[in-house]
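Asks: Structure: protein_28.csv, CSV, C-alpha atoms.
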chain,number,residue,atom,x,y,z
A,1,MET,CA,12.4,-34.3,0.3
A,2,ILE,CA,15.6,-33.3,-1.4
A,3,VAL,CA,18.5,-32.6,0.9
A,4,PHE,CA,21.3,-30.5,-0.4
A,5,SER,CA,24.7,-31.2,1.1
A,6,SER,CA,27.2,-28.3,1.2
A,7,PRO,CA,30.8,-29.1,0.5
A,8,THR,CA,33.4,-27.8,3.0
A,9,ILE,CA,34.4,-24.4,1.7
A,10,GLN,CA,38.1,-23.7,1.6
A,11,PRO,CA,39.2,-20.2,0.6
A,12,ARG,CA,41.3,-20.3,-2.5
A,13,ALA,CA,44.7,-18.7,-2.3
A,14,LEU,CA,44.8,-15.9,-4.8
A,15,ASN,CA,47.8,-15.8,-7.1
A,16,ARG,CA,49.8,-12.6,-7.2
A,17,ARG,CA,51.7,-12.0,-10.4
A,18,VAL,CA,54.3,-9.3,-10.3
A,19,PHE,CA,56.0,-8.1,-13.5
A,20,VAL,CA,59.2,-6.3,-12.7
A,21,GLY,CA,61.1,-4.2,-15.3
A,22,GLN,CA,64.7,-5.0,-16.2
A,23,GLY,CA,66.4,-1.8,-14.8
A,24,SER,CA,70.1,-1.4,-14.7
A,25,SER,CA,72.3,-4.4,-15.5
A,26,LEU,CA,74.4,-3.5,-12.5
A,27,LEU,CA,71.4,-4.3,-10.3
A,28,HIS,CA,71.3,-7.9,-11.5
A,29,ARG,CA,75.0,-8.7,-10.8
A,30,PRO,CA,75.9,-10.8,-7.8
A,31,LEU,CA,76.8,-8.7,-4.8
A,32,VAL,CA,80.3,-10.3,-4.4
A,33,GLN,CA,81.1,-9.1,-8.0
A,34,LEU,CA,80.5,-5.5,-7.0
A,35,PHE,CA,83.1,-5.4,-4.2
A,36,PRO,CA,86.1,-5.0,-6.4
A,37,VAL,CA,84.3,-2.3,-8.3
A,38,LEU,CA,83.3,-0.4,-5.2
A,39,SER,CA,86.7,-0.6,-3.5
A,40,SER,CA,88.4,1.1,-6.4
A,41,VAL,CA,86.0,4.0,-6.5
A,42,PRO,CA,86.7,7.3,-4.6
A,43,PHE,CA,84.4,8.2,-1.8
A,44,ARG,CA,82.5,11.0,-3.6
A,45,ALA,CA,82.1,8.9,-6.7
A,46,LEU,CA,81.0,6.0,-4.5
A,47,ALA,CA,78.3,8.2,-2.9
A,48,ALA,CA,77.1,9.3,-6.3
A,49,LEU,CA,76.9,5.7,-7.5
A,50,LEU,CA,74.9,4.7,-4.4
A,51,CYS,CA,72.4,7.6,-5.1
A,52,CYS,CA,72.0,6.4,-8.7
A,53,LEU,CA,71.4,2.9,-7.5
A,54,LEU,CA,68.7,4.0,-5.1
A,55,CYS,CA,67.1,6.1,-7.8
A,56,ALA,CA,67.0,3.0,-10.0
A,57,ILE,CA,65.7,0.7,-7.3
A,58,VAL,CA,62.8,2.8,-5.9
A,59,PRO,CA,61.0,3.4,-9.2
A,60,GLU,CA,61.5,-0.2,-10.2
A,61,ALA,CA,59.9,-1.3,-6.9
A,62,ALA,CA,57.0,1.1,-7.5
A,63,ARG,CA,56.5,-0.2,-11.0
A,64,ALA,CA,56.4,-3.7,-9.6
A,65,GLU,CA,53.7,-2.7,-7.1
A,66,GLU,CA,51.7,-1.0,-9.8
A,67,THR,CA,51.7,-4.0,-12.0
A,68,ALA,CA,50.8,-6.5,-9.1
A,69,SER,CA,47.9,-8.5,-10.4
A,70,ARG,CA,45.4,-10.4,-8.3
A,71,LEU,CA,44.0,-13.3,-10.3
A,72,VAL,CA,40.2,-14.0,-9.7
A,73,ARG,CA,37.6,-15.9,-11.6
A,74,PHE,CA,34.1,-14.7,-12.3
A,75,ILE,CA,31.2,-16.8,-13.5
A,76,PRO,CA,28.0,-15.3,-14.9
A,77,HIS,CA,24.9,-17.4,-14.4
A,78,TRP,CA,24.1,-17.9,-18.0
A,79,SER,CA,25.7,-18.2,-21.5
A,80,PRO,CA,27.4,-15.2,-23.1
A,81,GLN,CA,24.9,-12.4,-24.0
A,82,ALA,CA,24.2,-8.7,-23.4
A,83,GLN,CA,22.8,-9.6,-20.0
A,84,PHE,CA,26.5,-9.5,-18.9
A,85,ALA,CA,27.8,-6.7,-21.1
A,86,GLY,CA,29.1,-4.6,-18.2
A,87,TYR,CA,31.5,-7.3,-17.1
A,88,TYR,CA,32.8,-7.8,-20.7
A,89,VAL,CA,33.4,-4.1,-21.0
A,90,ALA,CA,35.1,-3.9,-17.6
A,91,LYS,CA,37.6,-6.5,-18.8
A,92,ASP,CA,38.1,-5.2,-22.3
A,93,LYS,CA,38.5,-1.6,-21.3
A,94,GLY,CA,40.9,-2.4,-18.5
A,95,PHE,CA,38.7,-1.3,-15.6
A,96,TYR,CA,39.6,-4.5,-13.7
A,97,ALA,CA,43.2,-4.2,-14.6
A,98,ARG,CA,43.3,-0.6,-13.5
A,99,ARG,CA,42.4,-1.8,-10.0
A,100,GLY,CA,45.0,-4.5,-10.1
A,101,LEU,CA,42.7,-7.4,-11.0
A,102,GLU,CA,43.2,-10.0,-13.6
A,103,VAL,CA,39.7,-11.4,-14.1
A,104,GLU,CA,39.1,-14.7,-15.8
A,105,LEU,CA,35.5,-14.8,-17.2
A,106,LEU,CA,34.2,-18.3,-17.0
A,107,ARG,CA,31.2,-19.6,-19.0
A,108,GLY,CA,28.1,-20.2,-17.0
A,109,GLY,CA,24.8,-21.7,-17.9
A,110,PRO,CA,22.8,-24.9,-17.4
A,111,ASP,CA,25.9,-27.0,-17.9
A,112,ASN,CA,28.0,-25.0,-15.4
A,113,PRO,CA,25.7,-23.3,-12.9
A,114,ALA,CA,27.1,-20.3,-11.0
A,115,GLY,CA,26.0,-21.3,-7.6
A,116,PRO,CA,27.8,-24.7,-7.4
A,117,ALA,CA,30.9,-23.1,-9.0
A,118,LEU,CA,31.0,-20.5,-6.2
A,119,ALA,CA,30.3,-23.0,-3.4
A,120,GLN,CA,33.0,-25.4,-4.7
A,121,GLY,CA,35.7,-22.8,-5.0
A,122,ARG,CA,35.8,-22.9,-8.8
A,123,ALA,CA,35.1,-19.1,-8.9
A,124,GLU,CA,35.7,-16.3,-6.5
A,125,PHE,CA,32.8,-14.2,-7.8
A,126,ALA,CA,29.4,-15.2,-9.4
A,127,SER,CA,26.3,-13.5,-10.6
A,128,MET,CA,22.9,-14.9,-9.6
A,129,PHE,CA,19.3,-13.9,-9.2
A,130,LEU,CA,18.5,-12.7,-5.7
A,131,SER,CA,16.3,-15.8,-5.3
A,132,GLY,CA,19.3,-18.0,-6.3
A,133,GLY,CA,21.5,-16.3,-3.7
A,134,LEU,CA,18.9,-16.9,-1.0
A,135,GLU,CA,18.5,-20.6,-2.0
A,136,LEU,CA,22.3,-21.0,-1.9
A,137,ARG,CA,22.4,-19.5,1.5
A,138,SER,CA,19.6,-21.7,2.8
A,139,ARG,CA,21.6,-24.8,1.7
A,140,GLY,CA,24.4,-23.8,4.0
A,141,VAL,CA,26.7,-22.0,1.6
A,142,PRO,CA,27.8,-18.7,3.1
A,143,ALA,CA,27.2,-16.6,0.0
A,144,VAL,CA,27.1,-12.8,0.4
A,145,ASN,CA,25.5,-10.3,-1.9
A,146,ILE,CA,28.2,-7.7,-2.6
A,147,GLY,CA,26.3,-5.7,-5.2
A,148,GLN,CA,22.7,-5.8,-6.5
A,149,ILE,CA,22.8,-5.0,-10.2
A,150,VAL,CA,19.2,-5.4,-11.4
A,151,GLN,CA,16.6,-3.5,-9.5
A,152,ARG,CA,13.4,-4.2,-11.4
A,153,SER,CA,12.4,-7.7,-12.4
A,154,ALA,CA,12.1,-8.4,-16.1
A,155,LEU,CA,9.9,-11.5,-15.6
A,156,MET,CA,6.5,-11.3,-17.3
A,157,LEU,CA,3.6,-13.5,-18.2
A,158,VAL,CA,2.5,-13.3,-21.8
A,159,ALA,CA,-0.8,-14.4,-23.4
A,160,LYS,CA,-2.5,-14.0,-26.8
A,161,LYS,CA,-5.4,-11.5,-26.6
A,162,SER,CA,-7.3,-13.8,-28.9
A,163,SER,CA,-7.5,-16.3,-26.0
A,164,GLY,CA,-9.6,-13.8,-24.1
A,165,ILE,CA,-6.9,-13.1,-21.6
A,166,LEU,CA,-6.8,-9.3,-21.2
A,167,SER,CA,-6.2,-8.8,-17.5
A,168,PRO,CA,-4.5,-10.8,-14.7
A,169,ILE,CA,-7.8,-12.2,-13.4
A,170,ASP,CA,-8.4,-13.8,-16.8
A,171,LEU,CA,-5.6,-16.2,-16.1
A,172,ASP,CA,-7.8,-17.9,-13.5
A,173,GLY,CA,-8.4,-21.5,-14.5
A,174,LYS,CA,-5.9,-21.3,-17.4
A,175,ARG,CA,-2.8,-23.4,-18.2
A,176,VAL,CA,0.3,-21.3,-17.5
A,177,SER,CA,3.9,-22.4,-18.1
A,178,VAL,CA,6.6,-21.3,-15.7
A,179,TRP,CA,10.3,-22.1,-15.3
A,180,PRO,CA,10.7,-24.5,-12.4
A,181,ASP,CA,13.8,-22.7,-11.1
A,182,PHE,CA,11.8,-19.4,-10.9
A,183,GLN,CA,8.3,-20.5,-10.0
A,184,ALA,CA,8.2,-18.7,-6.6
A,185,GLN,CA,7.6,-15.3,-8.3
A,186,PRO,CA,4.6,-16.3,-10.5
A,187,LEU,CA,3.2,-18.4,-7.6
A,188,ALA,CA,3.3,-15.3,-5.4
A,189,PHE,CA,1.5,-13.4,-8.2
A,190,PHE,CA,-1.2,-16.1,-8.5
A,191,ARG,CA,-1.8,-16.1,-4.7
A,192,ARG,CA,-2.0,-12.4,-4.5
A,193,TYR,CA,-4.8,-12.3,-7.0
A,194,HIS,CA,-6.5,-15.5,-5.7
A,195,MET,CA,-6.1,-17.3,-9.1
A,196,ASN,CA,-6.4,-21.1,-9.5
A,197,VAL,CA,-4.1,-21.9,-12.5
A,198,THR,CA,-2.7,-25.1,-13.8
A,199,VAL,CA,1.1,-24.7,-13.7
A,200,ILE,CA,3.0,-26.4,-16.5
A,201,PRO,CA,6.8,-26.7,-16.4
A,202,GLN,CA,8.4,-24.5,-19.1
A,203,GLY,CA,11.6,-25.4,-21.0
A,204,TYR,CA,14.1,-23.1,-22.6
A,205,THR,CA,11.9,-22.2,-25.5
A,206,LEU,CA,8.4,-20.8,-26.0
A,207,ASP,CA,7.4,-23.5,-28.5
A,208,LEU,CA,4.7,-24.9,-26.2
A,209,PHE,CA,3.1,-21.5,-26.1
A,210,LEU,CA,3.5,-20.8,-29.8
A,211,LEU,CA,1.8,-24.2,-30.5
A,212,GLY,CA,-1.1,-23.5,-28.2
A,213,GLY,CA,-0.2,-26.0,-25.6
A,214,VAL,CA,-0.6,-23.4,-22.8
A,215,ASP,CA,-2.7,-20.2,-22.5
A,216,ALA,CA,0.2,-18.1,-21.1
A,217,ALA,CA,3.9,-18.4,-20.7
A,218,SER,CA,6.8,-16.9,-18.7
A,219,ALA,CA,9.2,-14.6,-20.5
A,220,MET,CA,12.0,-12.3,-19.8
A,221,TRP,CA,11.5,-8.8,-21.2
A,222,TYR,CA,15.1,-8.6,-22.5
A,223,ASN,CA,15.0,-12.1,-24.1
A,224,GLU,CA,12.0,-14.3,-24.8
A,225,TYR,CA,9.6,-11.5,-25.3
A,226,ASN,CA,11.7,-10.1,-28.2
A,227,THR,CA,11.9,-13.7,-29.5
A,228,LEU,CA,8.1,-13.8,-29.7
A,229,ILE,CA,8.0,-10.6,-31.6
A,230,HIS,CA,10.6,-11.9,-34.1
A,231,ALA,CA,8.5,-15.1,-34.4
A,232,GLY,CA,5.9,-13.1,-36.1
A,233,ILE,CA,3.5,-12.1,-33.3
A,234,ASN,CA,2.7,-8.4,-33.2
A,235,GLU,CA,3.1,-6.6,-29.9
A,236,ASN,CA,-0.5,-5.5,-30.0
A,237,GLU,CA,-1.6,-9.1,-30.2
A,238,LEU,CA,-0.2,-9.9,-26.8
A,239,SER,CA,-1.3,-9.3,-23.2
A,240,VAL,CA,1.8,-8.7,-21.1
A,241,PHE,CA,1.8,-8.8,-17.3
A,242,PHE,CA,5.1,-7.6,-15.7
A,243,LEU,CA,5.1,-9.3,-12.3
A,244,ALA,CA,6.9,-6.3,-10.8
A,245,ASP,CA,3.8,-4.2,-11.5
A,246,TYR,CA,1.6,-6.5,-9.5
A,247,GLY,CA,3.5,-6.6,-6.1
A,248,ALA,CA,5.9,-9.3,-7.1
A,249,ASN,CA,9.1,-7.4,-7.9
A,250,PHE,CA,12.0,-9.9,-7.4
A,251,PRO,CA,15.3,-8.1,-8.1
A,252,GLU,CA,17.4,-10.4,-10.3
A,253,ASP,CA,21.1,-10.3,-11.2
A,254,GLY,CA,23.4,-9.6,-8.3
A,255,LEU,CA,27.1,-10.1,-7.5
A,256,TYR,CA,28.1,-12.7,-4.9
A,257,CYS,CA,31.2,-14.1,-3.2
A,258,LEU,CA,31.8,-16.2,-0.1
A,259,GLU,CA,32.0,-14.8,3.4
A,260,SER,CA,35.6,-16.1,3.7
A,261,LEU,CA,36.7,-13.8,0.8
A,262,VAL,CA,34.9,-10.8,2.3
A,263,ARG,CA,36.8,-11.3,5.6
A,264,ALA,CA,40.2,-12.2,4.0
A,265,ASP,CA,40.4,-9.5,1.3
A,266,PRO,CA,37.7,-6.8,1.4
A,267,ASP,CA,39.8,-4.5,-0.8
A,268,LEU,CA,39.8,-7.1,-3.5
A,269,VAL,CA,36.0,-7.5,-3.3
A,270,ARG,CA,35.5,-3.7,-3.4
A,271,ASP,CA,37.8,-3.4,-6.4
A,272,PHE,CA,35.9,-6.1,-8.3
A,273,VAL,CA,32.5,-4.7,-7.6
A,274,ARG,CA,33.4,-1.1,-8.4
A,275,ALA,CA,35.1,-2.0,-11.7
A,276,SER,CA,32.1,-4.0,-12.6
A,277,LEU,CA,29.7,-1.1,-12.0
A,278,GLU,CA,32.1,1.1,-14.0
A,279,GLY,CA,31.8,-1.4,-16.8
A,280,TRP,CA,28.0,-1.2,-16.8
A,281,LEU,CA,27.9,2.6,-16.9
A,282,TYR,CA,30.3,2.6,-19.8
A,283,ALA,CA,28.3,0.0,-21.6
A,284,PHE,CA,25.2,2.1,-21.4
A,285,ASP,CA,27.0,5.2,-22.6
A,286,HIS,CA,28.7,3.3,-25.4
A,287,PRO,CA,26.2,0.6,-26.5
A,288,GLU,CA,27.8,-0.2,-29.9
A,289,GLU,CA,31.2,-0.7,-28.3
A,290,ALA,CA,29.6,-2.8,-25.6
A,291,LEU,CA,27.8,-4.9,-28.3
A,292,ASP,CA,31.2,-5.5,-30.0
A,293,ALA,CA,32.4,-7.1,-26.7
A,294,VAL,CA,29.2,-9.1,-26.4
A,295,MET,CA,29.3,-10.4,-29.9
A,296,ARG,CA,33.0,-11.5,-29.6
A,297,ARG,CA,31.9,-13.8,-26.7
A,298,VAL,CA,28.8,-15.0,-28.5
A,299,GLU,CA,30.8,-15.9,-31.6
A,300,GLU,CA,33.5,-17.6,-29.5
A,301,ALA,CA,30.7,-19.7,-27.9
A,302,ASN,CA,29.0,-20.3,-31.3
A,303,LEU,CA,25.6,-19.3,-29.9
A,304,PRO,CA,22.5,-18.9,-32.2
A,305,THR,CA,21.8,-15.2,-31.7
A,306,ASN,CA,22.5,-11.9,-33.6
A,307,ARG,CA,23.5,-8.3,-32.9
A,308,VAL,CA,19.9,-7.1,-33.3
A,309,HIS,CA,18.6,-9.3,-30.5
A,310,GLN,CA,21.6,-8.4,-28.3
A,311,ARG,CA,21.0,-4.7,-28.9
A,312,TRP,CA,17.4,-5.1,-27.7
A,313,MET,CA,18.7,-7.0,-24.7
A,314,LEU,CA,21.3,-4.4,-23.7
A,315,ALA,CA,18.7,-1.6,-24.0
A,316,ARG,CA,16.3,-3.6,-21.7
A,317,MET,CA,19.1,-4.3,-19.2
A,318,ARG,CA,19.5,-0.5,-18.9
A,319,ASP,CA,15.8,-0.3,-18.2
A,320,ILE,CA,15.9,-2.8,-15.3
A,321,ILE,CA,19.3,-1.8,-13.9
A,322,LEU,CA,18.7,2.0,-14.0
A,323,PRO,CA,14.8,2.0,-14.1
A,324,GLU,CA,13.3,5.3,-15.1
A,325,GLY,CA,12.2,7.3,-12.0
A,326,GLY,CA,14.2,5.1,-9.8
A,327,ASN,CA,16.4,6.5,-7.0
A,328,ILE,CA,18.3,3.4,-5.8
A,329,PRO,CA,22.0,3.7,-6.4
A,330,LEU,CA,23.6,1.2,-8.7
A,331,GLY,CA,24.7,-1.8,-6.6
A,332,ARG,CA,22.4,-1.4,-3.6
A,333,LEU,CA,20.0,-4.0,-2.4
A,334,GLU,CA,17.0,-2.6,-0.7
A,335,GLU,CA,16.0,-4.3,2.5
A,336,GLN,CA,12.3,-4.3,1.6
A,337,ASP,CA,13.0,-6.1,-1.7
A,338,TYR,CA,15.1,-8.6,0.2
A,339,GLU,CA,12.3,-9.3,2.7
A,340,LEU,CA,9.7,-9.7,0.0
A,341,VAL,CA,11.7,-12.3,-1.9
A,342,ALA,CA,12.9,-14.1,1.2
A,343,THR,CA,9.4,-14.3,2.6
A,344,GLU,CA,7.9,-15.7,-0.6
A,345,LEU,CA,10.6,-18.3,-1.0
A,346,PHE,CA,10.2,-19.3,2.6
A,347,GLU,CA,6.4,-19.6,2.4
A,348,THR,CA,6.6,-21.7,-0.7
A,349,GLY,CA,9.1,-24.0,0.8
A,350,VAL,CA,11.9,-23.1,-1.5
A,351,ILE,CA,14.2,-22.1,1.4
A,352,THR,CA,14.1,-23.4,5.0
A,353,HIS,CA,15.2,-20.3,6.8
A,354,ILE,CA,15.8,-16.6,6.1
A,355,ALA,CA,19.2,-15.2,6.8
A,356,PRO,CA,19.4,-11.8,8.5
A,357,PHE,CA,19.6,-9.0,5.9
A,358,ARG,CA,22.9,-7.6,7.2
A,359,SER,CA,24.6,-11.0,7.1
A,360,PHE,CA,23.3,-11.7,3.5
A,361,TYR,CA,24.1,-8.3,2.0
A,362,ASP,CA,27.3,-6.2,2.5
A,363,PRO,CA,26.7,-2.6,1.4
A,364,ARG,CA,30.4,-1.5,1.7
A,365,PHE,CA,31.6,-2.5,-1.7
A,366,SER,CA,29.2,-0.7,-4.1
A,367,ALA,CA,29.1,2.6,-2.3
A,368,GLU,CA,31.7,5.1,-3.4
Just give me the structure as structure tokens.

Replies:
Amino acid sequence: MIVFSSPTIQPRALNRRVFVGQGSSLLHRPLVQLFPVLSSVPFRALAALLCCLLCAIVPEAARAEETASRLVRFIPHWSPQAQFAGYYVAKDKGFYARRGLEVELLRGGPDNPAGPALAQGRAEFASMFLSGGLELRSRGVPAVNIGQIVQRSALMLVAKKSSGILSPIDLDGKRVSVWPDFQAQPLAFFRRYHMNVTVIPQGYTLDLFLLGGVDAASAMWYNEYNTLIHAGINENELSVFFLADYGANFPEDGLYCLESLVRADPDLVRDFVRASLEGWLYAFDHPEEALDAVMRRVEEANLPTNRVHQRWMLARMRDIILPEGGNIPLGRLEEQDYELVATELFETGVITHIAPFRSFYDPRFSAE
């Protein structure tokens, strides 16, 4: 049994940077140097001078307040790609800055997981799958979902029709590769349909499936599925099973922070979430501009992808964030979705207890 220890969480003091304009040179002279000047000025002239000074000071103070910047760090849970386009757009278009935030976008991924970065205070905000947030909470880290971005799971199982797999029941007795970190969802699917499958750990590629080592594999609609198509497999040659269509919809990407930040500065949390949502809506309305922001990060990270694949990913992100026919407001986590995921994780032993919904999810920040 693996026991995860939770580090002591210390709220990180947020830097506040204030940029003040220069104003009148008289304002910056030592006060004692002003006495000889003021004593030689007639009363009416002195009153006029004081009014001028006040007129100069008040706008300067207002400008200082307007330019106050709250520095925070945000870590997406994977390497740069269109899966995080909304956050790139929010930064590049000044949506964060407009709300007084200076957001440092950290690079996440397998070498820098988002959960530990949040738990250890190396980031104020993180994105994670709902299942990841529940696991973090079960380990004693007081993570709070402050905005659920993805409403419909993109996880699917794919198989070649030539293998005779045409419906879910055809997977019974087959070898199926699943990602170890996300196995609870396909396992729930197998149990629901009373299938006895041989589960094979899946790596970061679909090579095992392409080489015939397994009968079916896990894929994300916005990523690996498109990779299969570009590997030379026609769509009509594949059987595709979206787990969300078979009673196993596990909402994925959400925004998280620690309870301590929610208590200490709820306004900051609200501003970050709402600017992020604004970024997503802008990205969907201006996809090519959003792709420019994505490709800048991809090229900086020297990642092996291209604009065509990222365009596919952004379009699919829209499908799962704002699913057709859906009526869930952007950012809301539905209690029934939470209960489904939490129950499956608990029954499979992934988590040891289920946090109350209202302590895990705070609806205040995404609702206008």

Asks: Report, in Å with one decimal, the straight-line distance from atom CA of Ala90 of chain A to atom CA of Trp280 of chain A.

Replies: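 Interatomic distance, atom CA of Ala90 of chain A to atom CA of Trp280 of chain A: 7.6 Å.
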
Asks: Do you have the atom CA of Leu136 of chain A-atom CA of Ala123 of chain A distance handy?

Replies: 14.7 Å

Asks: Near Asp207 of chain A, counting all atoms listed in the file, which residues have an atom at most 12 Å away, once you skip same-chain residues fewer than 6 positions from it, shown as JSON, numbers by chain?

Replies: {"A": [177, 213, 214, 216, 217, 218, 224, 227, 228, 231]}

Asks: Excluding same-chain residues fewer than 6 positions from Phe190 of chain A, what lies within 9 Å of it counting all atoms listed in the file, as a PyMOL selection string?

Replies: chain A and resi 168+171-172+196-197

Asks: Which of these, A:Leu345, A:Ile146, A:Leu255, A:Val89, has the shortest distance to Gln183 of chain A once you count all atoms listed in the file?

Replies: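 Closest to Gln183 of chain A of all the choices is A:Leu345.
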
Asks: Which polymer residues have any atom within 12 Å of an atom of Pro266 of chain A, counting only C-alpha atoms, with same-chain residues fewer than 2 positions away left out, as a list in words?

Replies: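 Those residues are Ile146, Cys257, Leu258, Glu259, Ser260, Leu261, Val262, Arg263, Ala264, Leu268, Val269, Arg270, Asp271, Phe272, Val273, Asp362, Pro363, Arg364, Phe365 and Ser366 of chain A.
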
Asks: Please list as a JSON list (two decimals) with C-alpha atoms, in the frame of the given file every residue within 7 Å of Gln83 of chain A, counting only C-alpha atoms and excluding residues in the same chain fewer than 3 positions away.

Replies:
[["chain", "number", "residue", "atom", "x", "y", "z"],
["A", 313, "MET", "CA", 18.70, -7.00, -24.70],
["A", 314, "LEU", "CA", 21.30, -4.40, -23.70],
["A", 317, "MET", "CA", 19.10, -4.30, -19.20]]

Asks: Closest to Gly325 of chain A among A:Arg175, A:Arg297, A:Arg274, A:Arg152, using all atoms listed in the file?

Replies: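 Comparing A:Arg175, A:Arg297, A:Arg274, A:Arg152 against Gly325 of chain A, the winner is A:Arg152.
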
Asks: Suppose you want the space between atom CA of Arg318 of chain A and atom CA of Gly108 of chain A; what is it in Å?

Replies: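 Atom CA of Gly108 of chain A lies 21.6 Å from atom CA of Arg318 of chain A.
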
Asks: In terms of the shortest atom-to-atom distance over all atoms listed in the file, which of A:Arg99, A:Ala290, A:Leu340, A:Val158 is closest to Asn236 of chain A?

Replies: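 Checking each of A:Arg99, A:Ala290, A:Leu340, A:Val158 against Asn236 of chain A, counting all atoms listed in the file, the winner is A:Val158.
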